[in-house]
Every structure is written in structure tokens, then in C-alpha cells.
There are 4 protein chains.
Amino acid sequence: MKPGRSTLKIGELATGQDLELNLFEFAPEVLTGPSVYIQANVHGAEVQGNAVIYQLMQALESCELRGKITLVPLANPLGINQKSGEFTLGRFDPITGVNWNREYLDHKLDIASWYQGHKHLNDAELIAHFRALLVERCYSRLHEPWGITTGHRLAVSLQQMGHEADIVLDLHTGPKSCKHLYCPEYDQDAAKYFSIPYTLLIPNEFGGAMDESIFCPWWQLSEYLATQGREIEVPVSAFTLELGSQENVDLADALVDVEGIMAYLSLRGVISERVEPAEMPRYACYLKDYKKYHAPQGGLVEYKAKVGQPLLAGEPLANILRVDRYGEEDAIVPLSLPVDCVPVLHFASASVYQGTELYKVMTKVFAL
Amino acid sequence: MKPGRSTLKIGELATGQDLELNLFEFAPEVLTGPSVYIQANVHGAEVQGNAVIYQLMQALESCELRGKITLVPLANPLGINQKSGEFTLGRFDPITGVNWNREYLDHKLDIASWYQGHKHLNDAELIAHFRALLVERCYSRLHEPWGITTGHRLAVSLQQMGHEADIVLDLHTGPKSCKHLYCPEYDQDAAKYFSIPYTLLIPNEFGGAMDESIFCPWWQLSEYLATQGREIEVPVSAFTLELGSQENVDLADALVDVEGIMAYLSLRGVISERVEPAEMPRYACYLKDYKKYHAPQGGLVEYKAKVGQPLLAGEPLANILRVDRYGEEDAIVPLSLPVDCVPVLHFASASVYQGTELYKVMTKVFAL
Amino acid sequence: MKPGRSTLKIGELATGQDLELNLFEFAPEVLTGPSVYIQANVHGAEVQGNAVIYQLMQALESCELRGKITLVPLANPLGINQKSGEFTLGRFDPITGVNWNREYLDHKLDIASWYQGHKHLNDAELIAHFRALLVERCYSRLHEPWGITTGHRLAVSLQQMGHEADIVLDLHTGPKSCKHLYCPEYDQDAAKYFSIPYTLLIPNEFGGAMDESIFCPWWQLSEYLATQGREIEVPVSAFTLELGSQENVDLADALVDVEGIMAYLSLRGVISERVEPAEMPRYACYLKDYKKYHAPQGGLVEYKAKVGQPLLAGEPLANILRVDRYGEEDAIVPLSLPVDCVPVLHFASASVYQGTELYKVMTKVFAL
Amino acid sequence: MKPGRSTLKIGELATGQDLELNLFEFAPEVLTGPSVYIQANVHGAEVQGNAVIYQLMQALESCELRGKITLVPLANPLGINQKSGEFTLGRFDPITGVNWNREYLDHKLDIASWYQGHKHLNDAELIAHFRALLVERCYSRLHEPWGITTGHRLAVSLQQMGHEADIVLDLHTGPKSCKHLYCPEYDQDAAKYFSIPYTLLIPNEFGGAMDESIFCPWWQLSEYLATQGREIEVPVSAFTLELGSQENVDLADALVDVEGIMAYLSLRGVISERVEPAEMPRYACYLKDYKKYHAPQGGLVEYKAKVGQPLLAGEPLANILRVDRYGEEDAIVPLSLPVDCVPVLHFASASVYQGTELYKVMTKVFAL
């Protein structure tokens, strides 16, 4: 089947022009599987997710679908169109500086009170009511009488769509990065289906990102119910897929990620077809073991450690070149780390201030 | 007396050049009064505080000082030198987007545990130990083995100096703004001394700003001690002074604010001279009643309401001009608010996206 | 009569969205007067021209029109929507750095050759053919097989419309500025009609701006014909109106400029109504006497000289505050100029690098 | 020998801090060879030249030098430290938008007049006087009473040093680029010595760049003298070396370019050692055949053609992905060129506006 297409207004520019999203929707007549929501390019420079959505839609056209799939490429038109020099200044709102992926609504629910009024419901009803609550709160937020910020409006509009789905995939990239997955700890098995070698297992803490905005309320509910002696598995799945480096479009590589996504959709019964996950080694670490290393000084950087390749303690990470100190001992300062790790991403520019986040590395890595 | 002068390195640029602060210090030989720390221009475009520091130092030269006064103008050289077009892009780190005034360290102290080990101390000792703890934690933070971000290094370097003082003044401005003061609720009386007509009374919640980073730990300590039956007044004072609009230097107007600061320093016994506060009406509201109004649509803005002048419910706040809709009814959309208020600041640019924070207004205003 | 409205596509964003202009056109059935083209906001922060267009359209609705009037507000949607911090980074293309008002096409015509083939034509025919040539060259430029830059496409699209008209008004503002007019020397009398106190008389040199792109080819033609013993007055008029400061919308002040524009349109017979120019002193200088003064050092700036107010040689222009040098003689450096002048505009920010263009001033000013 | 080191002030920041360059100088006691001036990183993101200077200085330490060599790494500290998001906004002045490499002084000499007063001199004297003239004019420019812009001050300070030398190398990079050389037509043979496969042969036209600012006046002199029946070869050599892609430091690759530079210095007798140029194919085209291809529409870009690899007419250059048009024929638009070429560089970002300069390609390429 072909996807349907619609538009959603999510803002207005200074010229008065509408900011609109293009929504694509595969809506099978009979719904027997979970529903899916996939978005890409919330950070303006992180474009590869659009290629994945393109290729995924091509693949889905020939599938037998059991659940509805909504896809939103180019999800942040303001960020995507914000150029600064030869790059896309798409990581944060150019006016406020707020990271576009930290703008989602923290519901801050009083779950105990809510449950008090709903505990008579059976599981399916409970889930339906809770979902309606989440959607409604997004709606209310969007209609605040004194208004909300540009970035929050965008984020909550996306989040509202996400709450309607059972499975949410948010497609990002790193700066210079290998592929990696943010996966909530309760959903660790899912990480074996995507074509992504490295997984970060994240706890139940809301930091403002899309995936957290989707699963945190449900995870809290599930944990609260457990204290009340009622076991309900978290009924939603939400992941952030980091598809390599920003400022890159690669239609062939997108097919690799489509294969992984299809394997996961197959597992979950969204499509009838059986798609096996790629055979590949997959590794993970806990988010608390995902470490940032900051430039210990200003200077030019020669990045030595390759992303996605294990690095032993003491092996060369990077060199800081301080040509202004030519002739002194510290004109070239070799950097290394005191622990074994896998470098996952590094900074995009080759010159840094002291304190610039130079590398992010996984430590205490284990096989999945 | 003349102030001494020293420098403090707080970072390194990509070229390797040091980022340095100029510190000025009035250090009387005999210290009988509280110590003071004053900084200006943490946001790059908010320059008027430097003029106030300049004039204040002139005034202090002829005073009899009882307490040490440290002054740090141009406190954020990276932000001040960051131009974008004809303006200073000085509100947030250009790399990360993080607001320079949200980078201070949240100590997240376990005060109960700490007190358990220190409750045998008398009040003066307790205060000295707690202060040492705060200073030491800043020091440790600055020496993290994996480094810290550029902005956090700057902030914690400033904060460490602030913790050493009894009184901290952080000099800012708004975008297009009247003068206003952020004052913690416990210190409300202090607001009657500065030459500032409007005061926001803030609760004991850490949001990342300098003033909060100074008083929050003490306020928490004080509140905890109260639960233990021990009464200690919060022994530090910390305020943010918003000295009008950004991108403006006015040496004559700086004298007005010097007069207010001197009145406060006189009250607190930092100087021996008796300086009376200016006679002027002063108003306040609680932070929860300080409201943001966001542009309900994109377009050009004619700001009608003047900052610092009371505005009745329904009176004209601004017009949105949508010349693209010429001939339609909504080519000019008049905006107003449903409550009486005092507009305190408005956005600096005359064109806005939907959601841009157009005005911030005080509601439920009362006389101090 | 009401204006008609249409749109013109002038580009595409990275998201694929069209960049479109809204064109308004007053097109009387019988054309007995010259045609007019008016645009505003080519520099993104210079918004007041839109308010003038709005008020002018209101005024024109009740006029008897003899010539066609085309109005293009919000003429640079890319620049207008380009925010950087709380300001509009609208002076130059964010990718290339090229000033949006230096992107117009330099026809570089070989007028002698062209005239050789057209000298048999009478004056009216000659003018018609030359105009067609200018329009056609813009069209060809827009259809270059290897493409043209984003900014050049915008500019040449506007220029093509301008070449179709007899009178072209380009509405700008300065940074912090009084009203002033750029007027070609051959059209000096026109300056007595606009409600603008200061006029810069510009020579026949193409620097890339809209007004020059319109009148330079005709002025060259006129001068060449004079060498051939044929006298033709330059048949087009083109002016840049600088309507005060950027980032400002003032609907009431717009009426003042509408009055001046109407007086000029009345003079030229575009409208039947008799509109007298405002009685006001008007002054001018030649462009060569319009001087830039650059900051002799870095520092904070207190602007002392008011724009639009004559300043005698040696009177205070500005102070450079160098609070880092507190206690030294040059902590405050007063600046002045060695000649009498009228400051017309100054830099928008209150802190400058050495070399920042601090003020632009008219010297050798004379009454018009 | 070791190089000497000194600093040169070339500006002041808004905080008052000096902008300084670090100059390194190899100054043999006996000068029998030509003098050399080498600078790097005038565009802030183009850092590889610093690595080349570093490695070159290492290599020169063990050479026998006949001529003086001055090296200026990190030649534009303002541009290098100007970050925007994760990149360096270093191509143009952030205030004015002017390209840092278009700020050099156009001497606009009246060579005929000058020669009239100097024609009695012999060749060596003539050259010495002309050189002194160029240097003096830079000096005068730097001391203009009304000041000059920040970028012009930087450029003319560099240019003044360049005029003192016989050989000038300006080290740049492209965005995503293969190595290429800008070489004046009169000096074509020099291109066979650098380790650079592609050369652009440039004519005697001043466009504002460093290399042109050095050789154009001499080339004009030489051409004028030829009209007077006096033959003098252009006595200076000036090249721009484009060392690959920006935002990249590679100390090993720097050695490759050092070898080429050493071969050229050997040829010219700056060093006594015999260094042979690398054996490699080298190609060139004339600047008029170096073509820009602009994005015919907005969208996401998959760059297909590799820089430095010949591309036949019609072969895939890039794809424009318009995922918003999914399901339509033009959701992916393949781009190609109508002529054989060598793509030399492409845009750094993977999303473009219509008109963005997508690729620059050499056409009509011939072997050197």
C-alpha cells in the first residue's frame, strides 16, 4: 500500500509563513498490530533519518501491515533551515539556545492520585485512560492562554503524536559518530534487532528528550502499580536511533538501518513478514558508564581514536596541537584515557576551547 | 584606598590564548564588616554592570571600608567577544546553547548527613565549615579528571569566589527592560535599599543562576536546622540586579545604581559612611506571578506597552503587523493581557516567530 | 481602489519549502503616469519599511491613480526569518556572508556597441528597447544553466521588477540611525519631497545596491548619448530611503514617511491628488563626504553624539570604557572628530572590536 | 637552527584584550637566497595549514638556509575562535560578513606616473623602490586617521609582511575538498613542485585575496614595463595552497605537503639541500574554466562525485532528496553535469537552499 499524506502546522515564522510538517501514514484497514510513530531530523544537521524514512516507506509499500505507521521526516523545519556559515545550526533554538531535543513536556504526574480514581479499571482500560491523559495534557499545553515557546510547541506537537503510538522511533545522528541506540533498560532485548552495534541502556529519568517523554510516564506507572501489587509491563517502546554522523545523506546505508527497523517491526507484529535481524556483534553499556571527555586545554585537535573501535586504556585518543608553542615540550599534547572504552562520537570541529566535549565513550561495555 | 588588581585564568581559546578575568579588590587591613563579591557582564550583551562597577570603584576609593570588596567586570570574555552581526551573541554558549547564567553548580548536598557530623559545632563554626565545604566542592568540580565544559568552568570559577563572600551582587540587564531586582524571599527588606523600582521575590529553588547558587545551599541549611530546632538566619545575601536594557552603556545612570548599592553596603556595615537609600516607590511580586507572554503568531511587532509603566487589563500591549495579509481583517492584530500588570521587559527584535517570548510582566504587584 | 495580490517564488529552503514574496499591485485601467516599484525589508532587521508600505497602501486606496504601483513588503523572507539570539541576522547571507543589498546584477553593458545597432530609433523607442534589454538580461541571469546563488536569485528577481518601473523606492533603515535618503546626483531635486531631513548624493558608480542597479545603466546611457550629441534625461528615478533604526515598527511614524512619498508621487503625476511636501529643513552632502569613523580600540562604548543632530569638531562623540584599565589614565577614552559633522548612524552594539565602524557622519553638509 | 619567535598585535577585542599573532622566523646570518613568508588559517575553520607549518619548521631546523623564512600560523585569531554550534564560523567577519580573504589592500597604483619618476633606476633599484612603495602604502593604510575595519587591519598587517618577502604561501583548505593550488599564470612551472595534484591558473586580476595582493602590483609593473620596452620578470611568487578539507588536522598528511614545499624552496634556493618534487600526475585548468554548480533546488544532498576524481559528462554528481515529495517522481532528483570535469570541492553541509554552491569543478583540464 501507499502511505497517505497530510500536513500539520506547528508554528509561524516572522514573515508570517506557516511552519508545517509533512506526515505520511500507512493505515491498514484492519488493525491487529501495534501502532508506530517515527520522526527524523529534530536536530537540523542530523539528516540521515530522512533517508531512512524514505527507504523504509519504499520497503513498507510491499509489506502486509497489521498496525498503523506514521512517519514524520524533516520534523524541525526551523532548525533544518537555520544555516550558519556552511553548516546547519540545528542543535538548539537560535533565539533561546535551548536544545530542540530537550523541549518535550515533563508530565510530572501525580500517579498515586490518578490511580486512586482509576484502579477499578482492568488493564486494557487502565492503559487506554492513561494514554488519553497523556495526549490530553499535550493538547492542553499547546493551548495555554499565555502561549508557549516556539520550540516547546514543536516538541509537544510531536510528542502528542508519539503518545498515540505503541512504538516510537526518534531518528538522530551524532556529530562525528558511529551508530548507536538509546534504549530504556526495561526494553533491552529490542536492541538485538536494530542494525546498530552499540546500545546505551537508559534509566527511568526524564531529561527532556523525545524517547524519555514517551516511556517515562508509563514506566513510572508500571513501577507504581508494582508497589500496589499489580504487574503491568510498560506498554510502549521508545528508542532514539543515532544513525552515524550529521551532515550526511547516504541512501545505501539507509537500507542497512531499514533492515534493522523492519526486523524490529516484524518482531513486534507490525508487519506480517518475517524479517530476521542482521547477524552482527552488539554491545551495550549503562548510561552512567557513558562518559564525556572534555578538552583539557584549548588548541587544534587531531582526532586519533576511531569511533566504533575499542580503545585500550592509554592508547592515543587525540593530539592537541599548539603551534603557538612550537619549540616547547607541550607543542603537541597527546591525550589518552585511563580506562578501556569504545569511542562513540567526537566533536565536529578540529579546534576547541578548553572544556569542549571532545569525545563520548562507552566504558564497562558488555555484549548483548 | 585604591583597589588591588589581579587576574584569574578561566579558560583557553581555540588559538591557545588564555581567557582571563581582571579582579579588583578593596582589602582594608582591619576587617570588621561583611565581605562583598560583585560581578558584571556574564551575559555578553549586558554591559551596563561594567559601568556601575567603574563608578562604584570611584566611589569606594573615598570610603572607609570595613569589609573586603571583590569586583569582577567583564566576567565572561568569551561571551562578550562573541559577535553575531551587529549584536553580541552573549546569552548562551555558542557551541552548546547553554545559557551562561544556568551553568552554576548545583551542590545537591545531603544536608542531613553533613549536619550529623557537624552538629556539635557552634553557629560560627558551623557556618565556617559549611562555607569551606561549598568552596571546596567548587574547587573539586574545577579539577574533575575528565574535565568539565567551558561554560561550567567559567561559572564555577565565579561561584567559588562568590561562596567566599557574605554578599554577592550579580549585575545583569534585560533585553529591552526597566530596572528590576531578583531578591530571595528571606531577604525582602534589602530590596528597599537599591535604586530599583521593581523586585521579584524568589523562592528557594535552584535554577542554575549565580544568585541561587550562592544562597540556596544556605537557605536549605537554615531550613533543615529549623527542623532540628536550631535557628540560624541565612548568613549570605545574593541578588541579581537587572540594570535596564542590554547593549547600552550610560555612565551617568550608573551613578544612580551606585547610590543604591552604597546604601545597601552602608546598611550592612561594609562601609562606615551612612548612605541613605533613594526615596522612590518600590514594588514587588512573587516569582510565580512573573508571567511570560508568548507571541500568539508570527509577524512584525510594534511594542506599545512601555516597560516599567503599569498596564491595565485590556490596554494595548503590542500590535502584530502582518502586511502579507493586507486587506484582511487580521493584517494588524492588537494584543492585550487579561490582567493588570507591569511590563518589565520585552523582546529585543521587532519581528517574531510564533511562541517568541514577547513580554515578561509582573502581576499581583504590591508596594514594598 | 484595492490592490491586487499575487505571489512570486524566489527560492527554496533546505526543507523544500518555497520562498515566496507577496506582491501587491495598484493597477489603474488607464495609465497616464509613471509606474512605481517599492520594496521593503531586504535586510532582515530593517522592518519599518513594511509599516510604511502598509500605511501607504491604505492611503493609496482613496487616491486617483495614473500609474501602476507595485509593492513588495517582506522582500527577503530568508533574511527576515534568520534569528541569531534575540536579533535578526539579516544583513548578509548566513552561508556566504554577502550583504543582501550587494547582490544585484551589474549589467556591464557595452553601451557603445548597443547604441550602434539602435541609434536609428527615436527617443521613446530607444528607451523602450533599452528597458527590454535590462529586463531580458535579468531573466537570462535567473536561468543560467549552472545556476546562481541564493542571494543573487533573490536580488535579480527584485531587480527585474524594478527595471519594469519608472520610479523605484527601496525602503531600508540604519542600525541606530536618523532618517536619510540615498539620492543620485542627477535627481537632487527629488530629495525636497520626501519627509527625510538628510540626503546623500551619490555618483554614477555601481556598488551592488538596488537603487544603483536601476539607475546606473540609464545614467551611463544618458552620458554616452551626450558624447554622441544626443540629450536624453535619465528616464528612471531610484532612491533608497533609510527610515530610522532597525528592529523597530512604528505605525504612526510610518504616516510621516507616507506623506513624503505621496508628495513625491504627486509631483511625478503617479497620483492625481496634489500633495505638498512637508515643510522642514533638508540637508545634503556628497557621498565622498559621508565618512566612516572606526573604533580606534576595543572596549565598551557610550554613544554620546545623537544621530541627526549637528556636532561641532571636538565635541564628544563617544566614550570608550575600558574598565579592565581601572585606575589608569585611559580607562575612559573620550572620542571626538576633527571636523564639523552630522552623525547619521552608529553601531547597534555597545561593545566593539578595534576597527568596528562606530559612526557614519555627514561632513561638508549644505542645505537643499 | 631554531626559529626565533615574536608577536605582532593586530587588533583588540571588545573586552580590551589584544589580538596577537605569533611570528616564527628562521633568519640565517648570511642571506643569499630569496625570503619567504608563509601564513595559515586566515579562514577560521581551515586549520591544516598550521600542522603543515609545524612540520615544516621541524624540517627546516635541520636545513642549511639561504633565505629568511617567516611563518605565521593561526593568522586570524578572531576567526579561529568564532564558534557557531559545533563548527567554526571562520569564513567571514561575523559583524560585516566580509570574507576574511577578500580584505587585502588593492593598491590601485598609477604605475605610469610612478615609473616616470623612477625610470632612471636600474632593475634592482627599481624593484627595491617598488617594494618599499608597497610596504609603505600598507603602513599608511594601517594608520588612517579615521581608522579602518577590523578585518582590513588584520589583512593589511599580513600583507605588509608578505610584501617584504620574495615568496608568499597562503595555506588554506576547501570545505570538503581535494588538494589544489592557486597559481598565477606567469608562474605555472612552480606548480610542478608542490605535492598537489590540481592547479588553478589565475590571471592578473585582483579579487581581494592574499596571493593576488602580493603578485598583482608586480605583474602590473612587469606588463607596463614591457610596453615601455623594458623586460623584468615578476620578481615575486605567491600561491594559495588548498590543503584538503577544513576542520581537519592530520600531522602525517602534513608531511606530504612539507615535502612539496621543501621541493619548491629547494628549487628557489631558499635551502641548500636538494629536494626533489614528488613524482605524481599534476593537472591544471584556467580559472575561467573553474566552474561553480549551484543547487537547482532546495533539499537534502547525497554527494556522489568524489573530489579529486575525474567525472565524465552525465555521470552522477549528487542526488537531491526531497522526502516531502515521497511518492512523486521527483522525490529523488539525480544531478549531473553536461561536461567532463574534475570535482574539486563540495559544500560542507548535506542540506541546501536553492542556489547553494554545491560543487566547484575543473573543466578543460590538462596535464602540467
# chains A, B, ... in the order shown; residues from 1 in each chain; ligands from 1

call {"tool": "residues_around", "arguments": {"residues": "segment 213-217 of chain D", "least_positions_apart": "5", "cutoff": "7 Å", "atoms": "only C-alpha atoms", "output": "list in words"}}
result
Tyr104, Leu105, Asp106, Gly162, His163, Asn204, Glu205, Phe206, Gly208, Val236, Ser237 and Ala238 of chain D

call {"tool": "interface_residues", "arguments": {"of": "chain A", "to": "chain C", "cutoff": "8 Å", "atoms": "only C-alpha atoms", "output": "PyMOL selection string"}}
result
chain A and resi 13-15+74+77+80-87+94-97

call {"tool": "residues_around", "arguments": {"residues": "Gly269 of chain D", "least_positions_apart": "3", "cutoff": "7 Å", "atoms": "only C-alpha atoms", "output": "list in words"}}
result
Gly33, Arg66, Leu265, Ser266 and Ser272 of chain D

call {"tool": "residues_around", "arguments": {"residues": "His172 of chain D", "least_positions_apart": "5", "cutoff": "9 Å", "atoms": "only C-alpha atoms", "output": "PyMOL selection string"}}
result
chain D and resi 39-43+46-49+240-244+246

call {"tool": "select_by_dssp", "arguments": {"residues": "segment 20-228 of chain C", "states": "alpha helix (DSSP H)", "output": "NGL selection string"}}
result
:C and (48-60 or 77-80 or 111-118 or 123-142 or 150-163 or 210-227)

call {"tool": "residues_around", "arguments": {"residues": "Pro316 of chain A", "least_positions_apart": "3", "cutoff": "8 Å", "atoms": "only C-alpha atoms", "output": "VMD selection string"}}
result
chain A and resid 304 to 305 319 334 to 336

call {"tool": "atom_distance", "arguments": {"atom1": "atom CA of Trp219 of chain A", "atom2": "atom CA of Trp100 of chain A"}}
result
23.4 Å

call {"tool": "atom_distance", "arguments": {"atom1": "atom CA of Leu134 of chain A", "atom2": "atom CA of Ile53 of chain A"}}
result
26.1 Å

call {"tool": "atom_distance", "arguments": {"atom1": "atom CA of Tyr37 of chain A", "atom2": "atom CA of Thr149 of chain A"}}
result
23.8 Å

call {"tool": "decode", "arguments": {"residues": "segment 306-321 of chain C", "atoms": "all heavy atoms", "output": "PDB file, in the first residue's frame"}}
result
ATOM      1  N   LYS C 306      24.177  62.338  19.328  1.00  0.00           N
ATOM      2  CA  LYS C 306      22.867  61.869  18.877  1.00  0.00           C
ATOM      3  C   LYS C 306      22.806  61.892  17.351  1.00  0.00           C
ATOM      4  O   LYS C 306      23.288  62.843  16.726  1.00  0.00           O
ATOM      5  CB  LYS C 306      21.763  62.785  19.416  1.00  0.00           C
ATOM      6  CG  LYS C 306      21.694  62.893  20.923  1.00  0.00           C
ATOM      7  CD  LYS C 306      21.312  61.562  21.566  1.00  0.00           C
ATOM      8  CE  LYS C 306      21.373  61.631  23.089  1.00  0.00           C
ATOM      9  NZ  LYS C 306      21.757  60.328  23.675  1.00  0.00           N
ATOM     10  N   VAL C 307      22.206  60.879  16.779  1.00  0.00           N
ATOM     11  CA  VAL C 307      22.068  60.862  15.322  1.00  0.00           C
ATOM     12  C   VAL C 307      21.084  61.946  14.893  1.00  0.00           C
ATOM     13  O   VAL C 307      20.095  62.208  15.578  1.00  0.00           O
ATOM     14  CB  VAL C 307      21.618  59.474  14.814  1.00  0.00           C
ATOM     15  CG1 VAL C 307      22.714  58.442  15.086  1.00  0.00           C
ATOM     16  CG2 VAL C 307      20.304  59.043  15.423  1.00  0.00           C
ATOM     17  N   GLY C 308      21.427  62.600  13.787  1.00  0.00           N
ATOM     18  CA  GLY C 308      20.551  63.649  13.258  1.00  0.00           C
ATOM     19  C   GLY C 308      20.764  65.005  13.896  1.00  0.00           C
ATOM     20  O   GLY C 308      20.057  65.947  13.567  1.00  0.00           O
ATOM     21  N   GLN C 309      21.729  65.114  14.800  1.00  0.00           N
ATOM     22  CA  GLN C 309      21.999  66.412  15.446  1.00  0.00           C
ATOM     23  C   GLN C 309      23.426  66.841  15.140  1.00  0.00           C
ATOM     24  O   GLN C 309      24.366  66.105  15.436  1.00  0.00           O
ATOM     25  CB  GLN C 309      21.786  66.307  16.955  1.00  0.00           C
ATOM     26  CG  GLN C 309      20.340  66.004  17.312  1.00  0.00           C
ATOM     27  CD  GLN C 309      20.097  65.974  18.812  1.00  0.00           C
ATOM     28  OE1 GLN C 309      20.971  66.331  19.591  1.00  0.00           O
ATOM     29  NE2 GLN C 309      18.911  65.540  19.196  1.00  0.00           N
ATOM     30  N   PRO C 310      23.567  68.063  14.569  1.00  0.00           N
ATOM     31  CA  PRO C 310      24.911  68.532  14.190  1.00  0.00           C
ATOM     32  C   PRO C 310      25.881  68.482  15.360  1.00  0.00           C
ATOM     33  O   PRO C 310      25.506  68.730  16.510  1.00  0.00           O
ATOM     34  CB  PRO C 310      24.656  69.984  13.748  1.00  0.00           C
ATOM     35  CG  PRO C 310      23.231  69.997  13.307  1.00  0.00           C
ATOM     36  CD  PRO C 310      22.518  69.031  14.208  1.00  0.00           C
ATOM     37  N   LEU C 311      27.104  68.156  15.050  1.00  0.00           N
ATOM     38  CA  LEU C 311      28.142  68.006  16.066  1.00  0.00           C
ATOM     39  C   LEU C 311      29.354  68.817  15.615  1.00  0.00           C
ATOM     40  O   LEU C 311      29.864  68.617  14.512  1.00  0.00           O
ATOM     41  CB  LEU C 311      28.515  66.530  16.177  1.00  0.00           C
ATOM     42  CG  LEU C 311      29.463  66.120  17.301  1.00  0.00           C
ATOM     43  CD1 LEU C 311      28.724  66.063  18.631  1.00  0.00           C
ATOM     44  CD2 LEU C 311      30.090  64.767  17.007  1.00  0.00           C
ATOM     45  N   LEU C 312      29.797  69.716  16.476  1.00  0.00           N
ATOM     46  CA  LEU C 312      30.951  70.529  16.105  1.00  0.00           C
ATOM     47  C   LEU C 312      32.239  69.736  16.291  1.00  0.00           C
ATOM     48  O   LEU C 312      32.308  68.819  17.119  1.00  0.00           O
ATOM     49  CB  LEU C 312      30.991  71.795  16.961  1.00  0.00           C
ATOM     50  CG  LEU C 312      29.804  72.749  16.757  1.00  0.00           C
ATOM     51  CD1 LEU C 312      29.950  73.980  17.648  1.00  0.00           C
ATOM     52  CD2 LEU C 312      29.694  73.158  15.285  1.00  0.00           C
ATOM     53  N   ALA C 313      33.243  70.111  15.552  1.00  0.00           N
ATOM     54  CA  ALA C 313      34.564  69.493  15.690  1.00  0.00           C
ATOM     55  C   ALA C 313      34.986  69.533  17.152  1.00  0.00           C
ATOM     56  O   ALA C 313      34.858  70.566  17.815  1.00  0.00           O
ATOM     57  CB  ALA C 313      35.584  70.231  14.817  1.00  0.00           C
ATOM     58  N   GLY C 314      35.424  68.406  17.662  1.00  0.00           N
ATOM     59  CA  GLY C 314      35.924  68.363  19.032  1.00  0.00           C
ATOM     60  C   GLY C 314      34.876  68.062  20.084  1.00  0.00           C
ATOM     61  O   GLY C 314      35.217  67.724  21.226  1.00  0.00           O
ATOM     62  N   GLU C 315      33.606  68.160  19.743  1.00  0.00           N
ATOM     63  CA  GLU C 315      32.567  67.826  20.722  1.00  0.00           C
ATOM     64  C   GLU C 315      32.528  66.315  20.959  1.00  0.00           C
ATOM     65  O   GLU C 315      32.923  65.534  20.099  1.00  0.00           O
ATOM     66  CB  GLU C 315      31.198  68.311  20.226  1.00  0.00           C
ATOM     67  CG  GLU C 315      31.020  69.813  20.333  1.00  0.00           C
ATOM     68  CD  GLU C 315      29.593  70.257  19.999  1.00  0.00           C
ATOM     69  OE1 GLU C 315      28.920  69.549  19.206  1.00  0.00           O
ATOM     70  OE2 GLU C 315      29.168  71.292  20.513  1.00  0.00           O
ATOM     71  N   PRO C 316      32.022  65.911  22.133  1.00  0.00           N
ATOM     72  CA  PRO C 316      32.047  64.473  22.462  1.00  0.00           C
ATOM     73  C   PRO C 316      31.259  63.630  21.470  1.00  0.00           C
ATOM     74  O   PRO C 316      30.087  63.884  21.214  1.00  0.00           O
ATOM     75  CB  PRO C 316      31.395  64.408  23.844  1.00  0.00           C
ATOM     76  CG  PRO C 316      31.543  65.784  24.417  1.00  0.00           C
ATOM     77  CD  PRO C 316      31.491  66.711  23.242  1.00  0.00           C
ATOM     78  N   LEU C 317      31.906  62.638  20.918  1.00  0.00           N
ATOM     79  CA  LEU C 317      31.259  61.687  20.020  1.00  0.00           C
ATOM     80  C   LEU C 317      30.858  60.451  20.816  1.00  0.00           C
ATOM     81  O   LEU C 317      29.718  59.989  20.766  1.00  0.00           O
ATOM     82  CB  LEU C 317      32.227  61.282  18.908  1.00  0.00           C
ATOM     83  CG  LEU C 317      31.681  60.323  17.854  1.00  0.00           C
ATOM     84  CD1 LEU C 317      30.770  61.060  16.887  1.00  0.00           C
ATOM     85  CD2 LEU C 317      32.804  59.630  17.094  1.00  0.00           C
ATOM     86  N   ALA C 318      31.800  59.889  21.549  1.00  0.00           N
ATOM     87  CA  ALA C 318      31.558  58.657  22.309  1.00  0.00           C
ATOM     88  C   ALA C 318      32.671  58.502  23.329  1.00  0.00           C
ATOM     89  O   ALA C 318      33.724  59.136  23.212  1.00  0.00           O
ATOM     90  CB  ALA C 318      31.544  57.452  21.370  1.00  0.00           C
ATOM     91  N   ASN C 319      32.409  57.685  24.329  1.00  0.00           N
ATOM     92  CA  ASN C 319      33.458  57.279  25.262  1.00  0.00           C
ATOM     93  C   ASN C 319      33.730  55.797  25.097  1.00  0.00           C
ATOM     94  O   ASN C 319      32.800  55.014  24.946  1.00  0.00           O
ATOM     95  CB  ASN C 319      33.014  57.526  26.719  1.00  0.00           C
ATOM     96  CG  ASN C 319      32.964  58.995  27.058  1.00  0.00           C
ATOM     97  OD1 ASN C 319      33.859  59.748  26.706  1.00  0.00           O
ATOM     98  ND2 ASN C 319      31.893  59.402  27.742  1.00  0.00           N
ATOM     99  N   ILE C 320      34.984  55.430  25.127  1.00  0.00           N
ATOM    100  CA  ILE C 320      35.343  54.013  25.214  1.00  0.00           C
ATOM    101  C   ILE C 320      35.669  53.717  26.668  1.00  0.00           C
ATOM    102  O   ILE C 320      36.581  54.321  27.236  1.00  0.00           O
ATOM    103  CB  ILE C 320      36.577  53.670  24.345  1.00  0.00           C
ATOM    104  CG1 ILE C 320      36.350  54.036  22.879  1.00  0.00           C
ATOM    105  CG2 ILE C 320      36.933  52.186  24.503  1.00  0.00           C
ATOM    106  CD1 ILE C 320      35.596  53.033  22.069  1.00  0.00           C
ATOM    107  N   LEU C 321      34.900  52.825  27.243  1.00  0.00           N
ATOM    108  CA  LEU C 321      35.133  52.420  28.631  1.00  0.00           C
ATOM    109  C   LEU C 321      35.981  51.153  28.635  1.00  0.00           C
ATOM    110  O   LEU C 321      35.606  50.152  28.042  1.00  0.00           O
ATOM    111  CB  LEU C 321      33.791  52.173  29.336  1.00  0.00           C
ATOM    112  CG  LEU C 321      33.867  51.563  30.741  1.00  0.00           C
ATOM    113  CD1 LEU C 321      34.620  52.462  31.707  1.00  0.00           C
ATOM    114  CD2 LEU C 321      32.458  51.280  31.257  1.00  0.00           C
TER     115      LEU C 321
END
